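The file entry-v5.cif contains mmCIF, C-alpha atoms and all ligand atoms:
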data_work
#
loop_
_atom_site.label_atom_id
_atom_site.label_comp_id
_atom_site.auth_asym_id
_atom_site.auth_seq_id
_atom_site.Cartn_x
_atom_site.Cartn_y
_atom_site.Cartn_z
CA MET G 1 69.99 104.91 108.96
CA THR G 2 71.86 101.75 109.96
CA ARG G 3 75.54 101.75 109.07
CA ASN G 4 77.55 98.70 108.02
CA ALA G 5 81.12 97.82 108.86
CA VAL G 6 83.31 94.97 107.67
CA VAL G 7 86.10 94.04 110.05
CA VAL G 8 89.03 92.21 108.44
CA GLY G 9 90.49 89.79 110.98
CA GLY G 10 88.96 88.04 113.98
CA GLY G 11 91.78 88.44 116.52
CA ILE G 12 91.51 90.45 119.73
CA ALA G 13 91.38 93.79 117.88
CA GLY G 14 88.78 92.71 115.32
CA LEU G 15 86.49 90.98 117.80
CA ALA G 16 86.60 93.93 120.22
CA ALA G 17 85.95 96.43 117.41
CA ALA G 18 82.96 94.38 116.29
CA ILE G 19 81.57 94.39 119.84
CA GLY G 20 81.92 98.19 120.00
CA LEU G 21 80.37 98.80 116.59
CA HIS G 22 77.49 96.47 117.37
CA ARG G 23 76.88 98.29 120.65
CA ILE G 24 76.57 101.65 118.86
CA GLY G 25 73.98 100.22 116.48
CA TRP G 26 76.06 99.33 113.42
CA GLU G 27 75.66 96.10 111.47
CA VAL G 28 79.03 94.34 111.63
CA THR G 29 80.60 91.41 109.83
CA VAL G 30 83.98 90.07 110.86
CA LEU G 31 85.80 88.23 108.07
CA GLU G 32 88.47 85.87 109.39
CA ARG G 33 90.68 83.91 107.03
CA ALA G 34 91.26 80.99 109.41
CA VAL G 35 88.88 78.11 108.91
CA VAL G 36 89.64 76.71 112.33
CA LEU G 37 90.29 79.21 115.11
CA ASN G 38 93.49 78.15 116.87
CA ASP G 39 93.50 81.42 118.86
CA ALA G 40 97.27 81.81 118.61
CA GLY G 41 97.90 79.46 121.54
CA ALA G 42 99.44 79.98 124.97
CA GLY G 43 98.57 82.87 127.22
CA ILE G 44 98.24 86.63 127.31
CA SER G 45 98.13 89.32 129.98
CA VAL G 46 95.79 92.28 129.81
CA GLN G 47 96.71 95.35 131.82
CA ALA G 48 94.49 97.96 133.48
CA ASN G 49 94.13 99.99 130.29
CA GLY G 50 92.96 96.97 128.29
CA LEU G 51 90.56 96.01 131.07
CA ALA G 52 89.19 99.59 131.13
CA ALA G 53 88.57 99.28 127.39
CA LEU G 54 86.76 95.97 127.94
CA ASP G 55 84.63 97.62 130.64
CA GLY G 56 83.84 100.45 128.19
CA LEU G 57 82.75 97.83 125.64
CA GLY G 58 80.49 96.27 128.28
CA VAL G 59 82.31 92.94 128.49
CA GLY G 60 84.81 93.47 131.31
CA ASP G 61 83.08 91.17 133.79
CA GLN G 62 82.61 88.31 131.31
CA VAL G 63 86.24 88.52 130.30
CA ARG G 64 87.59 88.79 133.86
CA ALA G 65 85.55 85.68 134.71
CA VAL G 66 87.85 83.57 132.51
CA GLY G 67 91.09 85.24 133.67
CA GLN G 68 93.31 85.33 136.71
CA ALA G 69 94.21 88.50 138.62
CA GLN G 70 97.96 88.70 139.22
CA GLY G 71 99.13 89.70 142.69
CA SER G 72 102.84 89.03 143.03
CA GLY G 73 105.93 88.88 140.93
CA GLY G 74 109.21 90.40 139.98
CA ILE G 75 112.46 90.05 138.07
CA ARG G 76 115.19 87.50 138.74
CA VAL G 77 118.52 86.32 137.35
CA PRO G 78 118.99 82.72 136.12
CA SER G 79 120.34 81.57 139.53
CA GLY G 80 116.97 82.53 141.03
CA ARG G 81 118.17 85.60 142.95
CA TRP G 82 115.50 88.31 142.89
CA LEU G 83 116.53 91.65 141.44
CA ALA G 84 113.20 93.30 142.23
CA HIS G 85 109.81 92.44 143.63
CA MET G 86 106.92 94.11 141.87
CA ASP G 87 104.62 96.23 144.01
CA ALA G 88 101.56 94.77 142.29
CA GLU G 89 99.18 96.06 144.94
CA GLY G 90 100.59 99.58 144.65
CA ALA G 91 100.22 99.49 140.87
CA ALA G 92 96.68 98.08 141.09
CA ARG G 93 95.72 100.79 143.60
CA ARG G 94 96.99 103.51 141.29
CA LEU G 95 95.44 101.98 138.16
CA GLY G 96 92.17 100.69 139.62
CA SER G 97 92.88 97.10 138.53
CA PRO G 98 95.48 94.36 138.72
CA VAL G 99 96.86 92.71 135.58
CA TYR G 100 94.77 89.73 134.40
CA SER G 101 96.21 86.70 132.64
CA PHE G 102 94.33 84.45 130.26
CA ARG G 103 94.64 81.43 128.13
CA ARG G 104 94.41 83.17 124.75
CA ALA G 105 91.70 80.78 123.63
CA ASP G 106 89.55 81.73 126.66
CA LEU G 107 89.95 85.46 126.01
CA HIS G 108 89.07 85.05 122.33
CA ALA G 109 86.07 82.86 123.19
CA ALA G 110 84.76 85.40 125.74
CA LEU G 111 84.97 88.13 123.08
CA ARG G 112 83.27 85.94 120.47
CA GLU G 113 80.44 85.16 122.87
CA ALA G 114 79.65 88.88 123.10
CA LEU G 115 79.03 89.11 119.35
CA PRO G 116 75.63 88.69 117.73
CA PRO G 117 75.08 85.31 116.02
CA GLY G 118 76.44 85.11 112.47
CA CYS G 119 78.67 88.17 112.89
CA LEU G 120 81.93 86.20 112.59
CA VAL G 121 82.54 84.52 109.25
CA GLN G 122 85.48 82.12 109.27
CA GLY G 123 87.41 80.82 106.28
CA THR G 124 87.19 84.10 104.35
CA ALA G 125 90.48 85.75 103.41
CA VAL G 126 89.88 89.32 102.32
CA ASP G 127 91.73 90.37 99.18
CA PRO G 128 92.85 93.94 99.94
CA THR G 129 92.60 94.92 96.27
CA GLU G 130 88.85 94.37 96.58
CA LEU G 131 88.18 96.39 99.75
CA HIS G 132 86.17 98.96 97.80
CA GLN G 133 83.73 96.21 96.78
CA LEU G 134 82.86 95.28 100.36
CA PRO G 135 79.31 96.29 101.25
CA ALA G 136 80.33 98.64 104.05
CA ASP G 137 80.38 102.28 105.17
CA LEU G 138 83.65 101.47 106.92
CA VAL G 139 86.33 98.79 106.70
CA VAL G 140 88.26 98.07 109.89
CA ALA G 141 91.63 96.48 109.19
CA ALA G 142 92.41 94.26 112.17
CA ASP G 143 94.46 91.78 110.18
CA GLY G 144 97.51 91.61 112.41
CA VAL G 145 101.24 92.21 112.31
CA HIS G 146 101.67 91.23 108.64
CA SER G 147 98.45 93.05 107.65
CA PRO G 148 97.70 92.53 103.95
CA VAL G 149 95.43 95.60 104.10
CA ARG G 150 98.26 97.78 105.43
CA SER G 151 100.65 96.50 102.73
CA PHE G 152 98.12 97.35 100.04
CA LEU G 153 97.15 100.80 101.35
CA PHE G 154 100.67 101.91 102.34
CA GLN G 155 102.77 100.52 99.52
CA ASP G 156 105.83 102.67 100.35
CA HIS G 157 105.85 101.49 103.95
CA PRO G 158 108.43 98.76 104.70
CA GLY G 159 105.99 96.79 106.88
CA ALA G 160 106.86 94.76 109.95
CA VAL G 161 110.56 94.06 110.52
CA TYR G 162 112.14 91.09 112.29
CA ALA G 163 113.04 92.26 115.81
CA GLY G 164 116.00 89.87 116.15
CA ASN G 165 114.37 87.50 118.60
CA THR G 166 112.29 84.39 118.61
CA VAL G 167 109.93 83.13 121.28
CA TRP G 168 108.73 79.75 122.50
CA ARG G 169 105.39 79.74 124.30
CA GLY G 170 103.71 77.00 126.26
CA ILE G 171 101.22 76.07 128.96
CA THR G 172 101.84 73.28 131.45
CA ALA G 173 99.59 70.27 131.03
CA SER G 174 98.47 70.42 134.66
CA PRO G 175 98.62 72.88 137.60
CA VAL G 176 102.06 73.67 139.04
CA ARG G 177 102.65 75.42 142.37
CA VAL G 178 104.81 78.52 141.89
CA GLU G 179 106.21 81.20 144.18
CA ALA G 180 105.04 84.24 142.15
CA ASP G 181 102.10 84.96 139.85
CA ILE G 182 104.30 86.79 137.34
CA ASP G 183 107.91 85.66 137.28
CA GLN G 184 110.41 87.10 134.83
CA THR G 185 114.06 86.08 134.58
CA TRP G 186 116.63 87.92 132.49
CA GLY G 187 119.83 86.26 131.35
CA ARG G 188 122.22 87.48 128.66
CA GLY G 189 120.20 87.85 125.46
CA THR G 190 117.61 85.55 127.00
CA GLU G 191 114.39 85.85 129.02
CA PHE G 192 112.06 83.35 130.63
CA GLY G 193 108.70 84.55 131.91
CA SER G 194 105.77 82.74 133.46
CA THR G 195 102.26 83.61 134.60
CA ARG G 196 99.71 81.74 136.67
CA LEU G 197 96.43 80.96 134.92
CA ARG G 198 92.99 80.65 136.49
CA ASP G 199 93.09 76.85 136.65
CA GLY G 200 96.54 76.76 138.28
CA ARG G 201 98.37 75.85 135.12
CA ILE G 202 101.29 78.06 134.18
CA GLU G 203 101.80 79.76 130.85
CA TRP G 204 105.37 80.58 129.98
CA HIS G 205 107.46 82.23 127.29
CA ALA G 206 111.15 81.92 126.50
CA LEU G 207 112.80 84.55 124.35
CA ILE G 208 116.22 84.35 122.71
CA ASP G 209 118.04 86.34 120.06
CA ALA G 210 118.38 84.29 116.87
CA PRO G 211 118.51 84.70 113.10
CA GLU G 212 115.10 85.06 111.45
CA GLY G 213 113.54 81.69 110.68
CA GLU G 214 115.99 79.72 112.86
CA ARG G 215 114.17 76.64 114.15
CA SER G 216 116.88 74.51 115.74
CA GLY G 217 117.14 73.97 119.48
CA VAL G 218 114.61 73.49 122.25
CA PRO G 219 114.05 75.69 125.34
CA ARG G 220 115.35 72.95 127.69
CA GLU G 221 118.87 73.31 126.24
CA ILE G 222 119.01 77.01 127.17
CA PHE G 223 116.71 77.31 130.19
CA GLY G 224 116.85 73.79 131.68
CA SER G 225 119.62 74.78 134.11
CA TRP G 226 117.89 77.98 135.27
CA HIS G 227 116.28 78.35 138.69
CA ASP G 228 113.18 76.54 139.86
CA PRO G 229 110.43 76.33 138.73
CA ILE G 230 111.71 76.83 135.16
CA PRO G 231 112.92 73.22 134.55
CA THR G 232 109.69 71.97 136.19
CA LEU G 233 107.53 74.12 133.90
CA LEU G 234 109.39 72.91 130.81
CA ALA G 235 109.09 69.28 131.89
CA ALA G 236 105.37 69.75 132.65
CA THR G 237 104.59 71.00 129.12
CA GLU G 238 103.80 68.66 126.21
CA PRO G 239 106.65 69.35 123.73
CA GLU G 240 104.31 69.19 120.73
CA SER G 241 102.08 71.92 122.24
CA VAL G 242 104.97 74.42 122.43
CA LEU G 243 104.69 77.25 119.90
CA ARG G 244 107.59 79.06 118.32
CA HIS G 245 107.29 82.45 116.60
CA ASP G 246 109.69 85.07 115.38
CA VAL G 247 108.98 88.56 116.73
CA TYR G 248 108.23 91.44 114.33
CA ASP G 249 107.36 95.07 114.88
CA LEU G 250 106.67 98.22 112.91
CA VAL G 251 109.95 100.07 113.25
CA VAL G 252 108.83 102.77 110.81
CA PRO G 253 105.62 104.19 112.26
CA LEU G 254 102.62 104.36 109.94
CA PRO G 255 101.89 107.90 108.73
CA SER G 256 98.17 107.41 109.42
CA TYR G 257 95.79 104.86 110.91
CA VAL G 258 93.09 105.83 108.43
CA ALA G 259 93.04 105.54 104.67
CA SER G 260 90.72 105.26 101.72
CA ALA G 261 90.35 102.27 99.41
CA SER G 262 88.87 103.83 96.25
CA GLY G 263 86.66 106.03 98.42
CA ARG G 264 85.85 103.39 101.05
CA PRO G 265 87.07 104.62 104.49
CA VAL G 266 89.45 102.24 106.25
CA ALA G 267 90.62 102.35 109.88
CA LEU G 268 93.63 100.30 110.96
CA ILE G 269 93.69 98.95 114.51
CA GLY G 270 95.71 96.58 116.70
CA ASP G 271 98.88 95.03 115.29
CA ALA G 272 97.87 96.10 111.77
CA ALA G 273 98.40 99.70 112.92
CA HIS G 274 101.14 99.42 115.55
CA ALA G 275 102.68 95.95 115.93
CA MET G 276 105.26 96.15 118.72
CA THR G 277 107.66 93.80 120.46
CA PRO G 278 106.18 91.95 123.46
CA HIS G 279 108.53 93.50 126.04
CA LEU G 280 105.87 95.70 127.66
CA GLY G 281 103.02 93.20 127.26
CA GLN G 282 100.82 95.98 125.88
CA GLY G 283 99.92 94.89 122.31
CA ALA G 284 96.54 93.40 123.13
CA SER G 285 95.64 96.09 125.66
CA LEU G 286 96.28 98.78 123.05
CA ALA G 287 94.23 96.84 120.50
CA LEU G 288 91.33 96.90 122.98
CA GLU G 289 91.84 100.64 123.51
CA ASP G 290 91.70 101.14 119.71
CA ALA G 291 88.46 99.19 119.44
CA LEU G 292 86.66 101.16 122.14
CA THR G 293 87.97 104.51 120.90
CA LEU G 294 86.92 103.85 117.30
CA ALA G 295 83.38 102.91 118.30
CA ALA G 296 83.07 105.80 120.78
CA TYR G 297 84.18 108.41 118.24
CA LEU G 298 81.92 107.01 115.51
CA ALA G 299 78.97 107.19 117.92
CA ASP G 300 79.90 110.75 118.95
CA ALA G 301 80.18 111.91 115.33
CA GLU G 302 76.78 110.50 114.48
CA GLY G 303 75.34 112.19 117.57
CA ASP G 304 76.64 115.51 116.26
CA GLY G 305 74.02 115.03 113.51
CA ASP G 306 75.21 117.21 110.63
CA GLY G 307 73.11 115.07 108.29
CA ASP G 308 76.17 114.04 106.26
CA ALA G 309 76.49 110.32 106.94
CA GLY G 310 79.85 109.87 105.15
CA GLY G 311 81.23 113.09 106.61
CA SER G 312 80.59 112.02 110.18
CA VAL G 313 82.52 108.76 109.62
CA ILE G 314 85.47 110.66 108.15
CA ALA G 315 85.43 113.15 111.05
CA ALA G 316 85.41 110.28 113.57
CA LEU G 317 88.29 108.55 111.79
CA ARG G 318 90.39 111.73 111.81
CA ARG G 319 89.79 112.08 115.53
CA PHE G 320 90.64 108.39 116.03
CA ASP G 321 93.91 108.79 114.15
CA ALA G 322 94.91 111.96 116.01
CA ASP G 323 94.19 110.29 119.34
CA ARG G 324 95.65 106.83 118.80
CA ARG G 325 98.84 107.38 116.81
CA PRO G 326 100.89 109.31 119.40
CA ARG G 327 100.10 106.94 122.27
CA THR G 328 100.57 103.67 120.41
CA GLN G 329 103.67 104.73 118.50
CA ALA G 330 105.33 105.99 121.70
CA MET G 331 104.52 102.62 123.30
CA ALA G 332 106.14 100.76 120.39
CA VAL G 333 109.34 102.78 120.93
CA ALA G 334 109.20 102.10 124.67
CA ALA G 335 108.68 98.36 124.09
CA ARG G 336 111.72 98.20 121.82
CA ARG G 337 113.80 100.14 124.39
CA THR G 338 112.69 97.81 127.19
CA GLY G 339 113.81 94.84 125.09
CA ARG G 340 117.21 96.42 124.49
CA ILE G 341 117.93 96.93 128.19
CA GLY G 342 116.19 93.69 129.21
CA GLN G 343 116.22 90.48 127.22
CA GLN G 344 118.43 91.73 124.38
CA LEU G 345 121.34 92.92 126.53
CA HIS G 346 124.28 90.51 126.04
CA GLY G 347 127.52 91.97 127.40
CA ARG G 348 128.61 90.63 130.80
CA PHE G 349 129.51 94.10 132.11
CA ALA G 350 126.37 95.77 130.72
CA VAL G 351 124.16 93.04 132.22
CA ALA G 352 125.87 93.38 135.61
CA LEU G 353 125.35 97.15 135.54
CA ARG G 354 121.71 96.77 134.57
CA ASN G 355 121.10 94.25 137.33
CA ALA G 356 122.74 96.52 139.90
CA ALA G 357 120.56 99.41 138.73
CA ILE G 358 117.39 97.31 139.06
CA ARG G 359 118.40 96.20 142.58
CA VAL G 360 118.72 99.78 143.84
CA THR G 361 115.61 101.11 142.08
CA PRO G 362 112.81 101.65 144.61
CA PRO G 363 109.56 99.75 143.81
CA SER G 364 107.76 103.11 143.60
CA VAL G 365 109.79 103.98 140.47
CA ALA G 366 108.75 100.71 138.80
CA VAL G 367 105.12 101.41 139.74
CA ARG G 368 105.43 104.86 138.15
CA GLU G 369 106.65 103.24 134.92
CA ILE G 370 103.76 100.77 134.90
CA VAL G 371 101.26 103.56 135.54
CA LYS G 372 102.81 105.64 132.75
CA HIS G 373 101.95 102.88 130.26
CA ALA G 374 98.80 101.30 131.67
CA GLY G 375 97.14 104.50 132.90
CA TRP G 376 94.48 105.44 130.37
CA THR G 377 91.12 107.17 130.54
CA PRO G 378 88.64 105.41 128.26
CA PRO G 379 86.21 107.45 126.17
CA ALA G 380 82.53 106.92 126.99
CA LEU G 381 80.64 104.72 124.55
CA ALA G 382 77.17 105.98 123.61
CA VAL G 383 75.57 102.53 123.57
CA SER G 384 72.40 102.10 121.53
CA ARG G 385 71.93 98.35 122.06
CA ALA G 386 73.12 95.74 124.53
C1 LIG G 401 105.28 86.33 122.17
C2 LIG G 401 104.25 87.37 122.30
C3 LIG G 401 103.67 87.60 123.54
C4 LIG G 401 102.74 88.60 123.69
N1 LIG G 401 102.21 88.81 124.92
C5 LIG G 401 101.33 89.81 125.08
C6 LIG G 401 100.76 90.07 126.37
O1 LIG G 401 101.03 89.37 127.35
N2 LIG G 401 99.90 91.11 126.47
C7 LIG G 401 99.57 91.88 125.39
O2 LIG G 401 98.79 92.83 125.56
N3 LIG G 401 100.05 91.63 124.16
C8 LIG G 401 100.92 90.62 123.99
N4 LIG G 401 101.40 90.37 122.75
C9 LIG G 401 100.90 91.13 121.60
C10 LIG G 401 99.50 90.65 121.20
O3 LIG G 401 99.52 89.26 121.00
C11 LIG G 401 99.04 91.35 119.94
O4 LIG G 401 99.28 92.73 120.03
C12 LIG G 401 97.55 91.12 119.72
O5 LIG G 401 97.24 89.76 119.73
C13 LIG G 401 97.15 91.75 118.38
O6 LIG G 401 95.84 91.40 118.06
P1 LIG G 401 95.30 91.70 116.61
O7 LIG G 401 93.86 91.33 116.66
O8 LIG G 401 95.69 93.07 116.18
O9 LIG G 401 96.10 90.73 115.64
P2 LIG G 401 95.99 89.12 115.51
O10 LIG G 401 95.70 88.48 116.80
O11 LIG G 401 97.21 88.70 114.76
O12 LIG G 401 94.71 88.90 114.58
C14 LIG G 401 94.73 89.18 113.20
C15 LIG G 401 93.71 88.25 112.55
O13 LIG G 401 93.53 88.66 111.20
C16 LIG G 401 93.41 87.49 110.41
N5 LIG G 401 93.72 87.87 109.01
C17 LIG G 401 94.93 88.24 108.52
N6 LIG G 401 94.81 88.53 107.21
C18 LIG G 401 93.51 88.37 106.88
C19 LIG G 401 92.78 88.52 105.67
N7 LIG G 401 93.36 88.91 104.53
N8 LIG G 401 91.45 88.26 105.69
C20 LIG G 401 90.83 87.86 106.83
N9 LIG G 401 91.49 87.68 108.00
C21 LIG G 401 92.82 87.94 108.03
C22 LIG G 401 94.38 86.51 111.04
O14 LIG G 401 94.07 85.17 110.70
C23 LIG G 401 94.17 86.80 112.52
O15 LIG G 401 93.15 85.99 113.08
C24 LIG G 401 102.34 89.37 122.57
C25 LIG G 401 102.88 89.13 121.31
C26 LIG G 401 103.84 88.14 121.17
C27 LIG G 401 104.44 87.88 119.81
#
Show the structure stored in the file as structure tokens.
Amino acid sequence: MTRNAVVVGGGIAGLAAAIGLHRIGWEVTVLERAVVLNDAGAGISVQANGLAALDGLGVGDQVRAVGQAQGSGGIRVPSGRWLAHMDAEGAARRLGSPVYSFRRADLHAALREALPPGCLVQGTAVDPTELHQLPADLVVAADGVHSPVRSFLFQDHPGAVYAGNTVWRGITASPVRVEADIDQTWGRGTEFGSTRLRDGRIEWHALIDAPEGERSGVPREIFGSWHDPIPTLLAATEPESVLRHDVYDLVVPLPSYVASASGRPVALIGDAAHAMTPHLGQGASLALEDALTLAAYLADAEGDGDGDAGGSVIAALRRFDADRRPRTQAMAVAARRTGRIGQQLHGRFAVALRNAAIRVTPPSVAVREIVKHAGWTPPALAVSRA
């Protein structure tokens, strides 16, 4: 019997889940409210765990083909003095892969290309009060940080909370030569990071603490006097292409990543389940892990063949929840903590202490931290169609 799934949201989580469900033989429809896909702009890095999930979904090579492997980098202070150089090769050796950076639009397009024709329906906003009417054995809520599905199903949950910082993101209009692939600079309550893209252009982000909704100021005023190449990157970016977003995360963890909408099973994945601050750069990689794990466990449960179609979906969802919640919620806590000791640290003395600690920390300790987060063993996907 062919099963049907409706995925709410066509971001990284939703597209990847649809690929996995299609591969295990389900009929999948992705409903995306945006009429025009703007793909959230700027760039994104996917770490070894996210790449392992993409490999498990069978699309790792296609996705890597539009990305750029990152080989060098580190942390600096605004004068340009390096606090630490990242042992990227050491980390890649331990993890089996370097970090890859993408233009978000390229990553989204590569995922969309792996879907069967007609699977993605744009311009359809799902009303969460009508989930039970969707023609599906399973609803996958991949509707992002402000998930309407989560708000409806978990009405006592406070939802995503403003993290106290706002971010500008941009991509230079043309290639710029830079010293390091991944360059991160921490000031006092401020951070500027940049990453080299495949075509030599540079994607950058600039984070500051600010009241929610604050829209005054431009990055040049704060970061224009920082070390090279920061002023060059800002000058090389079309001002009207620069994005600005406030950062939100789920401070109160969700009690479950599975729920029922009047009897219709629902699985929450990606930011809908565990939106976190960007300080570990793990949000998308975890969303990809969720997608592969969900599909793998659904395929396993069907393979167990107890003849109870609904029961096997419920069993798979319970296993998914038990597996995914501890890892992703621990990562959200770690991301928040990294922000507090990194970008969000303000005091002159505290910043000086932190910088001194980073300078004396051996690169092997930093590699251990990276491996702790990006080390992940993907479940095998019992594929029934290419
Ligand atoms: C500044 C910043 C930098 C980041 N950098 C990184 C990074 O380098 N690496 C990394 O791994 N992560 C990073 N992240 C996190 C990462 O962007 C997210 O974790 C990831 O994009 C989440 O994907 P998603 O599919 O869950 O959500 P989204 O990408 O938000 O997709 C949700 C989709 O659901 C749609 N939708 C919403 N409601 C409905 C509805 N009712 N009906 C239909 N569709 C609906 C939306 O239109 C949207 O397309 C960063 C985040 C920020 C804020």
Using all atoms listed in the file, which protein or nucleic acid residues come within 9 Å of segment 120-134 of chain G? Drop anything in the same chain fewer than 4 positions from it, and give the result as an mmCIF file with C-alpha atoms, keeping the file's coordinate frame.
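part_5.cif was written with the following content:
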data_model
loop_
_atom_site.group_PDB
_atom_site.id
_atom_site.type_symbol
_atom_site.label_atom_id
_atom_site.label_comp_id
_atom_site.auth_asym_id
_atom_site.auth_seq_id
_atom_site.Cartn_x
_atom_site.Cartn_y
_atom_site.Cartn_z
ATOM 1 C CA VAL G 6 83.310 94.970 107.670
ATOM 2 C CA VAL G 8 89.030 92.210 108.440
ATOM 3 C CA GLY G 9 90.490 89.790 110.980
ATOM 4 C CA GLY G 10 88.960 88.040 113.980
ATOM 5 C CA LEU G 15 86.490 90.980 117.800
ATOM 6 C CA VAL G 28 79.030 94.340 111.630
ATOM 7 C CA THR G 29 80.600 91.410 109.830
ATOM 8 C CA VAL G 30 83.980 90.070 110.860
ATOM 9 C CA LEU G 31 85.800 88.230 108.070
ATOM 10 C CA GLU G 32 88.470 85.870 109.390
ATOM 11 C CA ARG G 33 90.680 83.910 107.030
ATOM 12 C CA ALA G 34 91.260 80.990 109.410
ATOM 13 C CA VAL G 35 88.880 78.110 108.910
ATOM 14 C CA VAL G 36 89.640 76.710 112.330
ATOM 15 C CA LEU G 37 90.290 79.210 115.110
ATOM 16 C CA ARG G 112 83.270 85.940 120.470
ATOM 17 C CA LEU G 115 79.030 89.110 119.350
ATOM 18 C CA PRO G 116 75.630 88.690 117.730
ATOM 19 C CA VAL G 139 86.330 98.790 106.700
ATOM 20 C CA PRO G 148 97.700 92.530 103.950
ATOM 21 C CA VAL G 149 95.430 95.600 104.100
ATOM 22 C CA ARG G 150 98.260 97.780 105.430
ATOM 23 C CA SER G 151 100.650 96.500 102.730
ATOM 24 C CA PHE G 152 98.120 97.350 100.040
ATOM 25 C CA LEU G 153 97.150 100.800 101.350
ATOM 26 C CA SER G 260 90.720 105.260 101.720
ATOM 27 C CA ALA G 261 90.350 102.270 99.410
ATOM 28 C CA SER G 262 88.870 103.830 96.250
ATOM 29 C CA GLY G 263 86.660 106.030 98.420
ATOM 30 C CA ARG G 264 85.850 103.390 101.050
ATOM 31 C CA PRO G 265 87.070 104.620 104.490
ATOM 32 C CA VAL G 266 89.450 102.240 106.250
#
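Among the candidate residues G:Asn4, G:Ser101, G:Ser72, G:Thr361, the one lying nearest to ligand LIG 401 (chain G) is G:Ser101, with distances computed using all atoms listed in the file.
You will find atom CA of Leu381 of chain G at 20.0 Å from atom CA of Ala142 of chain G.
Our summary of the geometry notes that atom O5 of ligand LIG 401 (chain G) is positioned 5.0 Å from atom CA of Ala284 of chain G.
The residue that comes closest to Val167 of chain G, out of G:Gly270, G:Pro378, G:Gly67, G:Pro278 and on the basis of only C-alpha atoms, is G:Pro278.
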Counting all atoms listed in the file, select every polymer residue within 12 Å of (111.2, 100.4, 126.9) as defined in the file's coordinates, and provide the selection as an mmCIF file with C-alpha atoms, keeping the file's coordinate frame.
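Written output follows (selection-v2.cif):
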data_model
loop_
_atom_site.group_PDB
_atom_site.id
_atom_site.type_symbol
_atom_site.label_atom_id
_atom_site.label_comp_id
_atom_site.auth_asym_id
_atom_site.auth_seq_id
_atom_site.Cartn_x
_atom_site.Cartn_y
_atom_site.Cartn_z
ATOM 1 C CA MET G 276 105.260 96.150 118.720
ATOM 2 C CA THR G 277 107.660 93.800 120.460
ATOM 3 C CA PRO G 278 106.180 91.950 123.460
ATOM 4 C CA HIS G 279 108.530 93.500 126.040
ATOM 5 C CA LEU G 280 105.870 95.700 127.660
ATOM 6 C CA GLY G 281 103.020 93.200 127.260
ATOM 7 C CA GLN G 282 100.820 95.980 125.880
ATOM 8 C CA ALA G 330 105.330 105.990 121.700
ATOM 9 C CA MET G 331 104.520 102.620 123.300
ATOM 10 C CA ALA G 332 106.140 100.760 120.390
ATOM 11 C CA VAL G 333 109.340 102.780 120.930
ATOM 12 C CA ALA G 334 109.200 102.100 124.670
ATOM 13 C CA ALA G 335 108.680 98.360 124.090
ATOM 14 C CA ARG G 336 111.720 98.200 121.820
ATOM 15 C CA ARG G 337 113.800 100.140 124.390
ATOM 16 C CA THR G 338 112.690 97.810 127.190
ATOM 17 C CA GLY G 339 113.810 94.840 125.090
ATOM 18 C CA ARG G 340 117.210 96.420 124.490
ATOM 19 C CA ILE G 341 117.930 96.930 128.190
ATOM 20 C CA GLY G 342 116.190 93.690 129.210
ATOM 21 C CA GLN G 343 116.220 90.480 127.220
ATOM 22 C CA GLN G 344 118.430 91.730 124.380
ATOM 23 C CA GLU G 369 106.650 103.240 134.920
ATOM 24 C CA ILE G 370 103.760 100.770 134.900
ATOM 25 C CA LYS G 372 102.810 105.640 132.750
ATOM 26 C CA HIS G 373 101.950 102.880 130.260
#
* Asked: Quick one: residues within 12 Å of Ile19 of chain G, all atoms listed in the file counted, chain neighbours fewer than 2 positions away excluded, as an NGL selection string?
  -> :G and (5 or 7 or 10 or 12-17 or 21-30 or 53-60 or 110-117 or 119-120 or 288 or 291-292 or 294-296 or 381 or 383 or 385-386)
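Candidate residues G:Asp61, G:Asp199, G:Asp228, G:Asp181 were compared for distance to Ser79 of chain G, and the nearest is G:Asp228, using all atoms listed in the file.
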* Name all residues at most 12 Å from Pro158 of chain G (count all atoms listed in the file; drop same-chain ones fewer than 2 positions away) and give them as a list of chain:residue names. => G:His146, G:Ser147, G:Arg150, G:Ser151, G:Phe152, G:Leu153, G:Phe154, G:Gln155, G:Asp156, G:Ala160, G:Val161, G:Tyr162, G:Asp249, G:Leu250, G:Val251, G:Val252, G:Pro253, G:Leu254, G:Pro255
Any chance you could export the current selection's C-alpha atoms as a compact mmCIF listing (two decimals), in the frame of the given file?
# COMPACT_ATOMS: atom_id res chain seq x y z
CA HIS G 146 101.67 91.23 108.64
CA SER G 147 98.45 93.05 107.65
CA ARG G 150 98.26 97.78 105.43
CA SER G 151 100.65 96.50 102.73
CA PHE G 152 98.12 97.35 100.04
CA LEU G 153 97.15 100.80 101.35
CA PHE G 154 100.67 101.91 102.34
CA GLN G 155 102.77 100.52 99.52
CA ASP G 156 105.83 102.67 100.35
CA ALA G 160 106.86 94.76 109.95
CA VAL G 161 110.56 94.06 110.52
CA TYR G 162 112.14 91.09 112.29
CA ASP G 249 107.36 95.07 114.88
CA LEU G 250 106.67 98.22 112.91
CA VAL G 251 109.95 100.07 113.25
CA VAL G 252 108.83 102.77 110.81
CA PRO G 253 105.62 104.19 112.26
CA LEU G 254 102.62 104.36 109.94
CA PRO G 255 101.89 107.90 108.73
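Proximity to ligand LIG 401 (chain G) was assessed for G:Leu138, G:Ala316, G:Leu353, G:Val99 counting all atoms listed in the file; the smallest distance is recorded for G:Val99.
Near Ile222 of chain G, within 10 Å and counting only C-alpha atoms, sit G:Thr190, G:Ala206, G:Ile208, G:Gly217; same-chain residues fewer than 5 positions away were not included.
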